[in-house]
Amino acid sequence: MMKKIILSAVLAAGMAGRLCAAVAEDSKIFTPFFDMTMTEAGYLPSEGNIFSGANINTQVGLLSKVTQKDHIFGLYNFNYSGAGFAPQDSKQFTDRSMGHNFTMEYRRGLGDKFRVRPGIAFGSDYSRSGANEAWKNGLYNMRSSGLQLAGDYMFDAEKNGILTLTYLGKSVKFPNYTDLLREFMDPANTAAANGGLQDQSLKQVSLRSGWNNFFGGVTYTQQDYKNQKVVANTGIYGDTKQKDKTTALDFGFHHKLWIFEIYPMVSYSMHRSNQNFMRYKFLGATSTDLLDGAADVSFIAKNYDYNETTLSVPLDLNITGKWAVGGAISMTSRKYTDRAKRDENNNYVTGTEQKNLMSTLTGSIRKRINDVAMVRLFYSLVVASSNCKFEKYMPYNYTGNTFGLSYQLSY
């Protein structure tokens with residue numbers, strides 16, 4: 001859930017700035033931007049049933065030239081993520097999400113190399129976990145609104161050299177969120193027990209750069225919860241409010257060499273939260289049963305702190321001007337700093353740390369239909385592994401096969 005919030009903020013703050021290099025600010029009064037990718041795939045997991053899922057990601061933008069130095073840029077982003085394989089501790093196979101995000105910014109040139117971009121951002125995100133669940137009833141549905149201020153320094157016009165500093169402040173609300181444990185403890189006062197528990201203010205600062213098809217940057221995100229308190233080692237909520245911090249670094253490039261086209265990316269993120277976790281092994285266990293080791297009740301301090309590394313290396317071999325054979329390898333590794341692994345019986349193993357790894361190997365055939373459209377047929381082998389062996393509610397160790405077709409339109 002944290003990653004979804006941060007990703008939504010990054011899209012709102014960074015997408016418009018990143019696309020500014022793709023949209024030519026020339027003599028045109030209106031310059032449109034459109035990019036859409038649609039994917040439909042079938043999934044065959046080693047555990048569970050065969051299922052299918054789709055993904056759609058669309059950005060629609062318009063740059064309006066008011067004067068030579070003044071521009072207005074609007075960007076709408078629609079994203080639908082259907083059922084599919086995902087890194088452990090992120091979502092179930094059948095979970096689906098849908099998001100609408102809109103950003104509008106005013107661009108003012110300051111000389112030949114500097115530009116400021118104040119703007120506003122709005123978003124609505126919806127989630128579904130059950131097949132018959134309505135989009136409007138999703139537990140983690142959220143609405144967000146905020147302001148951004150960005151500054152650009154263009155240092156190499158020939159190779160699109162740009163350095164961007166962005167600040168984003170957002171208010172995030174979860175209108176449907178409910179804490180079942182709080183309702184159980186106070187059934188007569190459900191509204192007060194759950195009101196605004198996940199609501200938060202989000203602050204994000206990023207420094208990004210691009211040059212000659214290389215890109216990279218660092219992003220710091222802080223989430224201050226307005227009402228959610230931190231669980232104490234007594235098993236009850238204390239007076240301290242939850243606060244999460246995430247620092248992320250990424251680097252990548254997109255280059256062509258002879259008939260090869262490669263666009264790798266690597267990222268590293270550190271997530272820290274002052275929230276703890278009280279695990280009740282079965283219904284009826286109480287905080288008075290709190291013991292060390294294989295206890296019926298376990299208190300895990302800093303349960304949500306982790307370091308995560310993601311590596312993706314796609315490669316296309318252009319056989320002709322239209323046809324290409326592709327391959328890709330990607331890996332996502334998450335290591336928790338304080339959460340111990342669990343055995344098959346849901347007991348924490350003291351002196352250990354939980355580690356997850358998801359690796360994906362993909363082969364594909366791509367055809368360019370014309371200058372703005374292409375289609376890709378692909379197969380992927382997924383191998384997920386973890387030293388966490390308790391898999392009653394979420395799979396941690398499995399293999400999966402994916403067959404799919406994707407279509408991209410961009411101009």
# chains A, B, ... in the order shown; residues from 1 in each chain; ligands from 1
call {"tool": "residues_around", "arguments": {"residues": "Phe85 in chain A", "least_positions_apart": "4", "cutoff": "10 Å", "atoms": "only C-alpha atoms", "output": "list in words"}}
result
Tyr43, Leu44, Pro45, Gly53, Ser90, Lys91, Gln92, Phe93, Thr94, Asp95, Met358, Val382, Ala384, Thr399, Gly400, Asn401 and Thr402 of chain A
call {"tool": "residues_around", "arguments": {"residues": "Asp244 in chain A", "least_positions_apart": "6", "cutoff": "7 Å", "atoms": "only C-alpha atoms", "output": "ChimeraX atom specification"}}
result
/A:222-224,272-274
call {"tool": "write_last_selection", "arguments": {"atoms": "N, CA and C atoms", "output": "PDB file, in the first residue's frame"}}
result
ATOM      1  N   GLN A 222       7.907  11.528   2.755  1.00  0.00           N
ATOM      2  CA  GLN A 222       7.514  11.415   4.162  1.00  0.00           C
ATOM      3  C   GLN A 222       5.998  11.412   4.262  1.00  0.00           C
ATOM      4  N   GLN A 223       5.466  10.425   4.981  1.00  0.00           N
ATOM      5  CA  GLN A 223       4.028  10.294   5.178  1.00  0.00           C
ATOM      6  C   GLN A 223       3.716  10.476   6.654  1.00  0.00           C
ATOM      7  N   ASP A 224       2.979  11.521   6.985  1.00  0.00           N
ATOM      8  CA  ASP A 224       2.583  11.815   8.363  1.00  0.00           C
ATOM      9  C   ASP A 224       1.103  11.490   8.521  1.00  0.00           C
ATOM     10  N   ARG A 272      11.235   3.214   5.985  1.00  0.00           N
ATOM     11  CA  ARG A 272      11.310   3.197   7.441  1.00  0.00           C
ATOM     12  C   ARG A 272       9.989   3.696   8.012  1.00  0.00           C
ATOM     13  N   SER A 273       9.501   2.997   9.040  1.00  0.00           N
ATOM     14  CA  SER A 273       8.245   3.354   9.689  1.00  0.00           C
ATOM     15  C   SER A 273       8.384   3.145  11.194  1.00  0.00           C
ATOM     16  N   ASN A 274       7.763   4.010  11.967  1.00  0.00           N
ATOM     17  CA  ASN A 274       7.779   3.817  13.420  1.00  0.00           C
ATOM     18  C   ASN A 274       6.644   2.908  13.874  1.00  0.00           C
TER      19      ASN A 274
END
call {"tool": "residues_around", "arguments": {"residues": "Ile120 in chain A", "least_positions_apart": "5", "cutoff": "7 Å", "atoms": "only C-alpha atoms", "output": "PyMOL selection string"}}
result
chain A and resi 103-105+146-148
call {"tool": "closest_residue", "arguments": {"among": "A:Ile56, A:Leu317, A:Val349, A:Met394", "to": "Lys367 in chain A", "atoms": "only C-alpha atoms"}}
result
A:Leu317
call {"tool": "residues_around", "arguments": {"residues": "Ser206 in chain A", "least_positions_apart": "4", "cutoff": "7 Å", "atoms": "only C-alpha atoms", "output": "ChimeraX atom specification"}}
result
/A:165-167,218-220
